[in-house]
$ cat my_file.pdb   # PDB, C-alpha atoms
ATOM      1  CA  ASN A 159      18.851  10.733 -21.664  1.00  0.00           C
ATOM      2  CA  VAL A 160      16.940  12.490 -18.893  1.00  0.00           C
ATOM      3  CA  TRP A 161      17.890  15.109 -16.317  1.00  0.00           C
ATOM      4  CA  ARG A 162      17.049  15.458 -12.641  1.00  0.00           C
ATOM      5  CA  ALA A 163      15.583  18.689 -11.338  1.00  0.00           C
ATOM      6  CA  GLU A 164      16.879  18.154  -7.796  1.00  0.00           C
ATOM      7  CA  ASN A 165      20.458  18.546  -6.625  1.00  0.00           C
ATOM      8  CA  THR A 166      22.925  15.818  -7.503  1.00  0.00           C
ATOM      9  CA  GLN A 167      24.221  13.521  -4.795  1.00  0.00           C
ATOM     10  CA  LYS A 168      26.289  10.364  -4.484  1.00  0.00           C
ATOM     11  CA  GLY A 169      25.079   7.899  -7.095  1.00  0.00           C
ATOM     12  CA  ARG A 170      22.430  10.312  -8.437  1.00  0.00           C
ATOM     13  CA  PHE A 171      23.757  12.353 -11.324  1.00  0.00           C
ATOM     14  CA  ARG A 172      22.056  15.294 -13.030  1.00  0.00           C
ATOM     15  CA  GLU A 173      21.939  13.438 -16.371  1.00  0.00           C
ATOM     16  CA  PHE A 174      21.279   9.715 -16.656  1.00  0.00           C
ATOM     17  CA  LEU A 175      19.883   7.116 -19.038  1.00  0.00           C
ATOM     18  CA  GLN A 176      16.325   5.972 -18.411  1.00  0.00           C
ATOM     19  CA  CYS A 177      14.031   3.539 -20.185  1.00  0.00           C
ATOM     20  CA  ASP A 178      10.320   3.582 -19.360  1.00  0.00           C
ATOM     21  CA  ALA A 179       7.525   1.084 -19.816  1.00  0.00           C
ATOM     22  CA  ASP A 180       4.079   2.430 -18.992  1.00  0.00           C
ATOM     23  CA  ILE A 181       0.551   1.065 -19.077  1.00  0.00           C
ATOM     24  CA  VAL A 182      -2.226   3.630 -19.274  1.00  0.00           C
ATOM     25  CA  GLY A 183      -5.902   3.162 -18.464  1.00  0.00           C
ATOM     26  CA  SER A 184      -5.859  -0.031 -16.412  1.00  0.00           C
ATOM     27  CA  SER A 185      -6.248  -0.433 -12.676  1.00  0.00           C
ATOM     28  CA  SER A 186      -5.648  -4.192 -12.834  1.00  0.00           C
ATOM     29  CA  PRO A 187      -2.921  -5.792 -10.711  1.00  0.00           C
ATOM     30  CA  LEU A 188      -2.097  -7.720 -13.896  1.00  0.00           C
ATOM     31  CA  SER A 189      -0.766  -4.441 -15.324  1.00  0.00           C
ATOM     32  CA  ASP A 190       1.467  -4.014 -12.274  1.00  0.00           C
ATOM     33  CA  ALA A 191       2.811  -7.542 -12.761  1.00  0.00           C
ATOM     34  CA  GLU A 192       3.389  -6.882 -16.469  1.00  0.00           C
ATOM     35  CA  VAL A 193       5.499  -3.784 -15.758  1.00  0.00           C
ATOM     36  CA  ILE A 194       7.621  -5.721 -13.261  1.00  0.00           C
ATOM     37  CA  THR A 195       8.002  -8.564 -15.761  1.00  0.00           C
ATOM     38  CA  VAL A 196       9.164  -6.143 -18.484  1.00  0.00           C
ATOM     39  CA  ALA A 197      11.830  -4.782 -16.108  1.00  0.00           C
ATOM     40  CA  VAL A 198      13.040  -8.275 -15.170  1.00  0.00           C
ATOM     41  CA  LYS A 199      13.074  -9.606 -18.733  1.00  0.00           C
ATOM     42  CA  SER A 200      14.902  -6.478 -19.959  1.00  0.00           C
ATOM     43  CA  LEU A 201      17.619  -6.852 -17.333  1.00  0.00           C
ATOM     44  CA  GLU A 202      17.930 -10.567 -18.035  1.00  0.00           C
ATOM     45  CA  LYS A 203      18.345  -9.801 -21.758  1.00  0.00           C
ATOM     46  CA  LEU A 204      21.230  -7.513 -20.761  1.00  0.00           C
ATOM     47  CA  GLY A 205      22.841 -10.493 -19.012  1.00  0.00           C
ATOM     48  CA  ILE A 206      21.837  -9.650 -15.454  1.00  0.00           C
ATOM     49  CA  LYS A 207      20.619 -12.820 -13.776  1.00  0.00           C
ATOM     50  CA  ASP A 208      21.151 -12.464 -10.030  1.00  0.00           C
ATOM     51  CA  LEU A 209      18.472  -9.929  -9.221  1.00  0.00           C
ATOM     52  CA  LYS A 210      15.789  -9.461  -6.587  1.00  0.00           C
ATOM     53  CA  ILE A 211      12.580  -7.455  -6.965  1.00  0.00           C
ATOM     54  CA  LEU A 212      11.422  -5.646  -3.826  1.00  0.00           C
ATOM     55  CA  ILE A 213       7.707  -4.833  -3.952  1.00  0.00           C
ATOM     56  CA  ASN A 214       5.413  -2.741  -1.759  1.00  0.00           C
ATOM     57  CA  ASP A 215       2.137  -0.838  -1.913  1.00  0.00           C
ATOM     58  CA  ARG A 216       2.091   2.868  -1.055  1.00  0.00           C
ATOM     59  CA  SER A 217      -1.264   2.400   0.701  1.00  0.00           C
ATOM     60  CA  ILE A 218       0.704   0.855   3.575  1.00  0.00           C
ATOM     61  CA  PHE A 219       1.884   4.397   4.375  1.00  0.00           C
ATOM     62  CA  ASP A 220      -1.605   5.955   4.437  1.00  0.00           C
ATOM     63  CA  SER A 221      -1.752   6.179   8.233  1.00  0.00           C
ATOM     64  CA  ILE A 222       1.638   7.826   8.804  1.00  0.00           C
ATOM     65  CA  PRO A 223       2.799  11.425   8.305  1.00  0.00           C
ATOM     66  CA  LYS A 224       4.045  12.130   4.765  1.00  0.00           C
ATOM     67  CA  SER A 225       7.270  13.537   6.185  1.00  0.00           C
ATOM     68  CA  ALA A 226       8.081  10.098   7.602  1.00  0.00           C
ATOM     69  CA  ILE A 227       7.856   8.195   4.311  1.00  0.00           C
ATOM     70  CA  THR A 228      11.173   9.309   2.816  1.00  0.00           C
ATOM     71  CA  SER A 229      12.952   8.560   6.076  1.00  0.00           C
ATOM     72  CA  ILE A 230      11.496   5.054   6.311  1.00  0.00           C
ATOM     73  CA  ASP A 231      12.657   4.412   2.737  1.00  0.00           C
ATOM     74  CA  LYS A 232      16.255   4.874   3.994  1.00  0.00           C
ATOM     75  CA  LEU A 233      16.155   2.045   6.579  1.00  0.00           C
ATOM     76  CA  LYS A 234      18.260  -0.357   4.528  1.00  0.00           C
ATOM     77  CA  LYS A 235      20.693   2.357   3.454  1.00  0.00           C
ATOM     78  CA  ILE A 236      21.425   4.223   6.725  1.00  0.00           C
ATOM     79  CA  GLY A 237      20.088   1.886   9.422  1.00  0.00           C
ATOM     80  CA  LYS A 238      17.372   2.027  12.020  1.00  0.00           C
ATOM     81  CA  GLU A 239      19.107   4.339  14.514  1.00  0.00           C
ATOM     82  CA  LYS A 240      19.742   7.065  11.922  1.00  0.00           C
ATOM     83  CA  VAL A 241      16.182   6.760  10.620  1.00  0.00           C
ATOM     84  CA  LEU A 242      14.824   7.102  14.163  1.00  0.00           C
ATOM     85  CA  LYS A 243      16.935  10.225  14.667  1.00  0.00           C
ATOM     86  CA  GLU A 244      15.820  11.668  11.332  1.00  0.00           C
ATOM     87  CA  LEU A 245      12.154  11.128  12.225  1.00  0.00           C
ATOM     88  CA  VAL A 246      12.589  12.834  15.604  1.00  0.00           C
ATOM     89  CA  ASP A 247      14.452  15.694  13.874  1.00  0.00           C
ATOM     90  CA  LYS A 248      11.412  16.091  11.620  1.00  0.00           C
ATOM     91  CA  GLY A 249       9.301  16.749  14.712  1.00  0.00           C
ATOM     92  CA  ILE A 250       7.757  13.328  15.180  1.00  0.00           C
ATOM     93  CA  SER A 251       7.681  12.320  18.839  1.00  0.00           C
ATOM     94  CA  LYS A 252       9.763   9.330  19.973  1.00  0.00           C
ATOM     95  CA  GLY A 253       6.581   7.479  20.927  1.00  0.00           C
ATOM     96  CA  GLN A 254       5.096   8.052  17.488  1.00  0.00           C
ATOM     97  CA  VAL A 255       8.353   7.021  15.804  1.00  0.00           C
ATOM     98  CA  ALA A 256       8.385   3.639  17.532  1.00  0.00           C
ATOM     99  CA  SER A 257       4.725   3.087  16.697  1.00  0.00           C
ATOM    100  CA  ILE A 258       5.209   4.088  13.052  1.00  0.00           C
ATOM    101  CA  LEU A 259       8.195   1.794  12.519  1.00  0.00           C
ATOM    102  CA  SER A 260       6.541  -1.109  14.295  1.00  0.00           C
ATOM    103  CA  SER A 261       3.397  -0.677  12.228  1.00  0.00           C
ATOM    104  CA  ILE A 262       5.225  -0.480   8.888  1.00  0.00           C
ATOM    105  CA  GLU A 263       7.704  -3.290   9.584  1.00  0.00           C
ATOM    106  CA  GLY A 264       4.838  -5.540  10.695  1.00  0.00           C
ATOM    107  CA  SER A 265       2.726  -4.862   7.600  1.00  0.00           C
ATOM    108  CA  LYS A 266       1.475  -7.692   5.424  1.00  0.00           C
ATOM    109  CA  PRO A 267       0.993  -7.591   1.649  1.00  0.00           C
ATOM    110  CA  THR A 268      -2.218  -5.886   0.528  1.00  0.00           C
ATOM    111  CA  GLU A 269      -4.831  -7.835  -1.439  1.00  0.00           C
ATOM    112  CA  ASN A 270      -3.618  -6.049  -4.574  1.00  0.00           C
ATOM    113  CA  LEU A 271      -0.034  -7.190  -3.936  1.00  0.00           C
ATOM    114  CA  LYS A 272      -1.151 -10.761  -3.340  1.00  0.00           C
ATOM    115  CA  LYS A 273      -2.707 -10.679  -6.816  1.00  0.00           C
ATOM    116  CA  VAL A 274       0.461  -9.154  -8.302  1.00  0.00           C
ATOM    117  CA  PHE A 275       2.555 -11.917  -6.672  1.00  0.00           C
ATOM    118  CA  SER A 276       0.202 -14.552  -8.063  1.00  0.00           C
ATOM    119  CA  TYR A 277       0.457 -13.105 -11.583  1.00  0.00           C
ATOM    120  CA  LEU A 278       4.252 -12.948 -11.329  1.00  0.00           C
ATOM    121  CA  GLN A 279       4.342 -16.644 -10.483  1.00  0.00           C
ATOM    122  CA  GLN A 280       1.915 -17.411 -13.322  1.00  0.00           C
ATOM    123  CA  VAL A 281       4.314 -15.863 -15.860  1.00  0.00           C
ATOM    124  CA  GLY A 282       7.121 -18.013 -14.467  1.00  0.00           C
ATOM    125  CA  LEU A 283       8.908 -15.644 -12.111  1.00  0.00           C
ATOM    126  CA  GLU A 284      10.189 -17.748  -9.232  1.00  0.00           C
ATOM    127  CA  LYS A 285       8.981 -16.742  -5.764  1.00  0.00           C
ATOM    128  CA  SER A 286      12.629 -16.454  -4.678  1.00  0.00           C
ATOM    129  CA  ARG A 287      13.138 -13.605  -7.211  1.00  0.00           C
ATOM    130  CA  PHE A 288      10.701 -11.184  -5.556  1.00  0.00           C
ATOM    131  CA  GLU A 289       9.715 -10.238  -2.023  1.00  0.00           C
ATOM    132  CA  PHE A 290       7.366  -7.993  -0.114  1.00  0.00           C
ATOM    133  CA  SER A 291       9.336  -5.089   1.343  1.00  0.00           C
ATOM    134  CA  PRO A 292       7.060  -3.004   3.625  1.00  0.00           C
ATOM    135  CA  THR A 293       9.630  -0.239   4.163  1.00  0.00           C
ATOM    136  CA  LEU A 294      10.197   0.358   0.431  1.00  0.00           C
ATOM    137  CA  ALA A 295       8.734   3.786  -0.344  1.00  0.00           C
ATOM    138  CA  ARG A 296      10.593   4.980  -3.480  1.00  0.00           C
ATOM    139  CA  GLY A 297      10.736   8.421  -1.881  1.00  0.00           C
ATOM    140  CA  LEU A 298       8.581  10.090  -4.513  1.00  0.00           C
ATOM    141  CA  ASP A 299       5.187  11.604  -3.784  1.00  0.00           C
ATOM    142  CA  TYR A 300       3.387  10.627  -6.974  1.00  0.00           C
ATOM    143  CA  TYR A 301       3.147   6.854  -6.519  1.00  0.00           C
ATOM    144  CA  THR A 302      -0.368   5.743  -5.601  1.00  0.00           C
ATOM    145  CA  GLY A 303      -0.220   1.938  -5.444  1.00  0.00           C
ATOM    146  CA  MET A 304       2.255  -0.841  -6.170  1.00  0.00           C
ATOM    147  CA  ILE A 305       5.928   0.171  -6.163  1.00  0.00           C
ATOM    148  CA  PHE A 306       9.030  -1.883  -6.905  1.00  0.00           C
ATOM    149  CA  GLU A 307      12.799  -1.741  -7.116  1.00  0.00           C
ATOM    150  CA  VAL A 308      15.241  -4.198  -8.650  1.00  0.00           C
ATOM    151  CA  GLU A 309      18.454  -4.909  -6.787  1.00  0.00           C
ATOM    152  CA  ILE A 310      21.405  -6.883  -8.101  1.00  0.00           C
ATOM    153  CA  ASP A 311      23.400  -9.040  -5.712  1.00  0.00           C
ATOM    154  CA  GLY A 312      26.833  -7.510  -5.203  1.00  0.00           C
ATOM    155  CA  TYR A 313      25.887  -4.088  -6.624  1.00  0.00           C
ATOM    156  CA  SER A 314      26.060  -1.660  -3.711  1.00  0.00           C
ATOM    157  CA  ALA A 315      25.053   1.602  -5.401  1.00  0.00           C
ATOM    158  CA  GLY A 316      21.317   0.893  -4.925  1.00  0.00           C
ATOM    159  CA  SER A 317      18.553  -0.226  -7.190  1.00  0.00           C
ATOM    160  CA  VAL A 318      19.098  -0.564 -10.942  1.00  0.00           C
ATOM    161  CA  ALA A 319      15.422  -0.300 -11.876  1.00  0.00           C
ATOM    162  CA  GLY A 320      12.214   0.678 -10.219  1.00  0.00           C
ATOM    163  CA  GLY A 321       8.822   2.190 -10.620  1.00  0.00           C
ATOM    164  CA  GLY A 322       5.223   1.743  -9.724  1.00  0.00           C
ATOM    165  CA  ARG A 323       1.652   2.839 -10.144  1.00  0.00           C
ATOM    166  CA  TYR A 324       0.975   6.568 -10.347  1.00  0.00           C
TER     167      TYR A 324
END

$ encode --input "my_file.pdb" --output "structure tokens"
Amino acid sequence: NVWRAENTQKGRFREFLQCDADIVGSSSPLSDAEVITVAVKSLEKLGIKDLKILINDRSIFDSIPKSAITSIDKLKKIGKEKVLKELVDKGISKGQVASILSSIEGSKPTENLKKVFSYLQQVGLEKSRFEFSPTLARGLDYYTGMIFEVEIDGYSAGSVAGGGRY
């Protein structure tokens, strides 16, 4: 069991169960693929089959203000209009907001992610099970590279697993 330091909110309780798998000392994209594979295989062992892995690279956000990252991460949850409003409320001009969203939504996978995707396919993960998601940010400041979240079809409370390089 672990406990959150921040305030509780819908779907995010103070105490929750967490299982970690970490790799230390490697900068290889193979390590990123291994961590994702552990998450997928663990969930499959629990009987969860209909899952999708959303994958991004935090470097995609290097050119935008840090204050915008957590808002962009909410696109799927609250919609584009509310995200636009939130960005403007944070003091980002409307012109900048449009440019930021356009830039992020039009991003392509980084070279590192292309390698991760290749490794995932080499270990037998079907291409239909994972996808590049350029607006995925994971909301936390300590991620430095690849990030991922696992969603289950029909489960509306959010991701059931996630992580990344830090």

$ resolve_selection --input "my_file.pdb" --expression "the PyMOL selection byres ((chain A and resi 285-292) around 8)" --output "ChimeraX atom specification"
/A:209-215,218,262-267,279,283-284,293-294

$ write_last_selection --input "my_file.pdb" --atoms "C-alpha atoms" --output "tab-separated table (two decimals), in the frame of the given file"
chain	number	residue	atom	x	y	z
A	209	LEU	CA	18.47	-9.93	-9.22
A	210	LYS	CA	15.79	-9.46	-6.59
A	211	ILE	CA	12.58	-7.46	-6.96
A	212	LEU	CA	11.42	-5.65	-3.83
A	213	ILE	CA	7.71	-4.83	-3.95
A	214	ASN	CA	5.41	-2.74	-1.76
A	215	ASP	CA	2.14	-0.84	-1.91
A	218	ILE	CA	0.70	0.86	3.58
A	262	ILE	CA	5.22	-0.48	8.89
A	263	GLU	CA	7.70	-3.29	9.58
A	264	GLY	CA	4.84	-5.54	10.70
A	265	SER	CA	2.73	-4.86	7.60
A	266	LYS	CA	1.48	-7.69	5.42
A	267	PRO	CA	0.99	-7.59	1.65
A	279	GLN	CA	4.34	-16.64	-10.48
A	283	LEU	CA	8.91	-15.64	-12.11
A	284	GLU	CA	10.19	-17.75	-9.23
A	293	THR	CA	9.63	-0.24	4.16
A	294	LEU	CA	10.20	0.36	0.43

$ atom_distance --input "my_file.pdb" --atom1 "atom CA of A:Val193" --atom2 "atom CA of A:Lys224"
26.0 Å

$ resolve_selection --input "my_file.pdb" --expression "the PyMOL selection byres ((chain A and resi 195) around 10)" --output "ChimeraX atom specification"
/A:189-194,196-201,211,277-278,281-283

$ closest_residue --input "my_file.pdb" --among "A:Pro187, A:Lys235, A:Ala256, A:Lys272" --to "A:Ser317" --atoms "only C-alpha atoms"
A:Lys235

$ resolve_selection --input "my_file.pdb" --expression "the PyMOL selection byres ((chain A and resi 229) around 12)" --output "PyMOL selection string"
chain A and resi 219+222-228+230-248+250+255+258-259+293-298

$ atom_distance --input "my_file.pdb" --atom1 "atom CA of A:Thr166" --atom2 "atom CA of A:Tyr313"
20.1 Å

$ closest_residue --input "my_file.pdb" --among "A:Asp178, A:Glu269, A:Asp299, A:Glu309" --to "A:Asp208" --atoms "all atoms listed in the file"
A:Glu309

$ atom_distance --input "my_file.pdb" --atom1 "atom CA of A:Asp311" --atom2 "atom CA of A:Leu204"
15.3 Å

$ closest_residue --input "my_file.pdb" --among "A:Gly183, A:Ser251, A:Ile310, A:Leu175" --to "A:Gly205" --atoms "all atoms listed in the file"
A:Ile310

$ closest_residue --input "my_file.pdb" --among "A:Arg216, A:Arg162, A:Ser314, A:Arg323" --to "A:Ser185" --atoms "all atoms listed in the file"
A:Arg323

$ closest_residue --input "my_file.pdb" --among "A:Asn159, A:Asn270, A:Ser221, A:Asn165" --to "A:Ser257" --atoms "only C-alpha atoms"
A:Ser221

$ closest_residue --input "my_file.pdb" --among "A:Ser186, A:Gln280, A:Gln176, A:Ser261" --to "A:Asp220" --atoms "only C-alpha atoms"
A:Ser261

$ residues_around --input "my_file.pdb" --residues "A:Trp161" --least-positions-apart "5" --cutoff "9 Å" --atoms "all atoms listed in the file" --output "list in words"
Phe171, Arg172, Glu173, Phe174 and Leu175 of chain A

$ write_last_selection --input "my_file.pdb" --atoms "C-alpha atoms" --output "short mmCIF file (atom, residue, chain, number, x, y, z; two decimals), in the frame of the given file"
data_model
loop_
_atom_site.label_atom_id
_atom_site.label_comp_id
_atom_site.auth_asym_id
_atom_site.auth_seq_id
_atom_site.Cartn_x
_atom_site.Cartn_y
_atom_site.Cartn_z
CA PHE A 171 23.76 12.35 -11.32
CA ARG A 172 22.06 15.29 -13.03
CA GLU A 173 21.94 13.44 -16.37
CA PHE A 174 21.28 9.72 -16.66
CA LEU A 175 19.88 7.12 -19.04
#

$ build_atoms --input "my_file.pdb" --residues "stretch 222-247 of chain A" --atoms "N, CA, C and O atoms" --output "JSON list (two decimals), in the coordinates of the input"
[["chain", "number", "residue", "atom", "x", "y", "z"],
["A", 222, "ILE", "N", 0.49, 7.17, 8.18],
["A", 222, "ILE", "CA", 1.64, 7.83, 8.80],
["A", 222, "ILE", "C", 1.87, 9.20, 8.16],
["A", 222, "ILE", "O", 1.45, 9.43, 7.03],
["A", 223, "PRO", "N", 2.53, 10.10, 8.87],
["A", 223, "PRO", "CA", 2.80, 11.42, 8.30],
["A", 223, "PRO", "C", 3.65, 11.32, 7.04],
["A", 223, "PRO", "O", 4.57, 10.51, 6.96],
["A", 224, "LYS", "N", 3.29, 12.14, 6.03],
["A", 224, "LYS", "CA", 4.04, 12.13, 4.76],
["A", 224, "LYS", "C", 5.53, 12.38, 4.98],
["A", 224, "LYS", "O", 6.37, 11.81, 4.29],
["A", 225, "SER", "N", 5.86, 13.21, 5.95],
["A", 225, "SER", "CA", 7.27, 13.54, 6.18],
["A", 225, "SER", "C", 8.08, 12.32, 6.63],
["A", 225, "SER", "O", 9.30, 12.30, 6.51],
["A", 226, "ALA", "N", 7.39, 11.30, 7.12],
["A", 226, "ALA", "CA", 8.08, 10.10, 7.60],
["A", 226, "ALA", "C", 8.41, 9.11, 6.48],
["A", 226, "ALA", "O", 9.33, 8.30, 6.61],
["A", 227, "ILE", "N", 7.71, 9.20, 5.37],
["A", 227, "ILE", "CA", 7.86, 8.20, 4.31],
["A", 227, "ILE", "C", 9.27, 8.16, 3.74],
["A", 227, "ILE", "O", 9.86, 7.09, 3.61],
["A", 228, "THR", "N", 9.83, 9.31, 3.41],
["A", 228, "THR", "CA", 11.17, 9.31, 2.82],
["A", 228, "THR", "C", 12.23, 8.83, 3.80],
["A", 228, "THR", "O", 13.22, 8.23, 3.39],
["A", 229, "SER", "N", 12.00, 9.06, 5.07],
["A", 229, "SER", "CA", 12.95, 8.56, 6.08],
["A", 229, "SER", "C", 12.88, 7.04, 6.18],
["A", 229, "SER", "O", 13.90, 6.36, 6.23],
["A", 230, "ILE", "N", 11.68, 6.50, 6.20],
["A", 230, "ILE", "CA", 11.50, 5.05, 6.31],
["A", 230, "ILE", "C", 12.13, 4.35, 5.11],
["A", 230, "ILE", "O", 12.71, 3.27, 5.24],
["A", 231, "ASP", "N", 12.07, 4.98, 3.95],
["A", 231, "ASP", "CA", 12.66, 4.41, 2.74],
["A", 231, "ASP", "C", 14.17, 4.23, 2.87],
["A", 231, "ASP", "O", 14.78, 3.44, 2.15],
["A", 232, "LYS", "N", 14.80, 4.93, 3.82],
["A", 232, "LYS", "CA", 16.26, 4.87, 3.99],
["A", 232, "LYS", "C", 16.71, 3.80, 4.99],
["A", 232, "LYS", "O", 17.90, 3.69, 5.26],
["A", 233, "LEU", "N", 15.79, 3.03, 5.55],
["A", 233, "LEU", "CA", 16.16, 2.04, 6.58],
["A", 233, "LEU", "C", 17.31, 1.15, 6.16],
["A", 233, "LEU", "O", 18.27, 0.98, 6.91],
["A", 234, "LYS", "N", 17.22, 0.58, 4.99],
["A", 234, "LYS", "CA", 18.26, -0.36, 4.53],
["A", 234, "LYS", "C", 19.58, 0.37, 4.29],
["A", 234, "LYS", "O", 20.65, -0.16, 4.54],
["A", 235, "LYS", "N", 19.50, 1.61, 3.84],
["A", 235, "LYS", "CA", 20.69, 2.36, 3.45],
["A", 235, "LYS", "C", 21.45, 2.94, 4.65],
["A", 235, "LYS", "O", 22.67, 2.85, 4.72],
["A", 236, "ILE", "N", 20.73, 3.53, 5.63],
["A", 236, "ILE", "CA", 21.42, 4.22, 6.72],
["A", 236, "ILE", "C", 21.21, 3.57, 8.09],
["A", 236, "ILE", "O", 21.84, 3.97, 9.06],
["A", 237, "GLY", "N", 20.31, 2.60, 8.17],
["A", 237, "GLY", "CA", 20.09, 1.89, 9.42],
["A", 237, "GLY", "C", 18.99, 2.49, 10.28],
["A", 237, "GLY", "O", 18.62, 3.66, 10.13],
["A", 238, "LYS", "N", 18.52, 1.66, 11.19],
["A", 238, "LYS", "CA", 17.37, 2.03, 12.02],
["A", 238, "LYS", "C", 17.64, 3.23, 12.94],
["A", 238, "LYS", "O", 16.80, 4.12, 13.07],
["A", 239, "GLU", "N", 18.80, 3.25, 13.58],
["A", 239, "GLU", "CA", 19.11, 4.34, 14.51],
["A", 239, "GLU", "C", 19.09, 5.71, 13.83],
["A", 239, "GLU", "O", 18.55, 6.67, 14.36],
["A", 240, "LYS", "N", 19.70, 5.79, 12.65],
["A", 240, "LYS", "CA", 19.74, 7.06, 11.92],
["A", 240, "LYS", "C", 18.35, 7.46, 11.42],
["A", 240, "LYS", "O", 18.01, 8.64, 11.40],
["A", 241, "VAL", "N", 17.55, 6.47, 11.05],
["A", 241, "VAL", "CA", 16.18, 6.76, 10.62],
["A", 241, "VAL", "C", 15.37, 7.27, 11.80],
["A", 241, "VAL", "O", 14.63, 8.26, 11.68],
["A", 242, "LEU", "N", 15.52, 6.64, 12.96],
["A", 242, "LEU", "CA", 14.82, 7.10, 14.16],
["A", 242, "LEU", "C", 15.18, 8.55, 14.47],
["A", 242, "LEU", "O", 14.31, 9.38, 14.75],
["A", 243, "LYS", "N", 16.48, 8.86, 14.40],
["A", 243, "LYS", "CA", 16.93, 10.22, 14.67],
["A", 243, "LYS", "C", 16.35, 11.20, 13.65],
["A", 243, "LYS", "O", 15.88, 12.28, 14.00],
["A", 244, "GLU", "N", 16.35, 10.81, 12.39],
["A", 244, "GLU", "CA", 15.82, 11.67, 11.33],
["A", 244, "GLU", "C", 14.33, 11.96, 11.56],
["A", 244, "GLU", "O", 13.88, 13.09, 11.37],
["A", 245, "LEU", "N", 13.59, 10.95, 11.97],
["A", 245, "LEU", "CA", 12.15, 11.13, 12.22],
["A", 245, "LEU", "C", 11.92, 12.09, 13.40],
["A", 245, "LEU", "O", 11.05, 12.96, 13.33],
["A", 246, "VAL", "N", 12.70, 11.94, 14.45],
["A", 246, "VAL", "CA", 12.59, 12.83, 15.60],
["A", 246, "VAL", "C", 12.97, 14.25, 15.18],
["A", 246, "VAL", "O", 12.31, 15.22, 15.56],
["A", 247, "ASP", "N", 14.03, 14.38, 14.37],
["A", 247, "ASP", "CA", 14.45, 15.69, 13.87],
["A", 247, "ASP", "C", 13.37, 16.37, 13.02],
["A", 247, "ASP", "O", 13.32, 17.59, 12.92]]
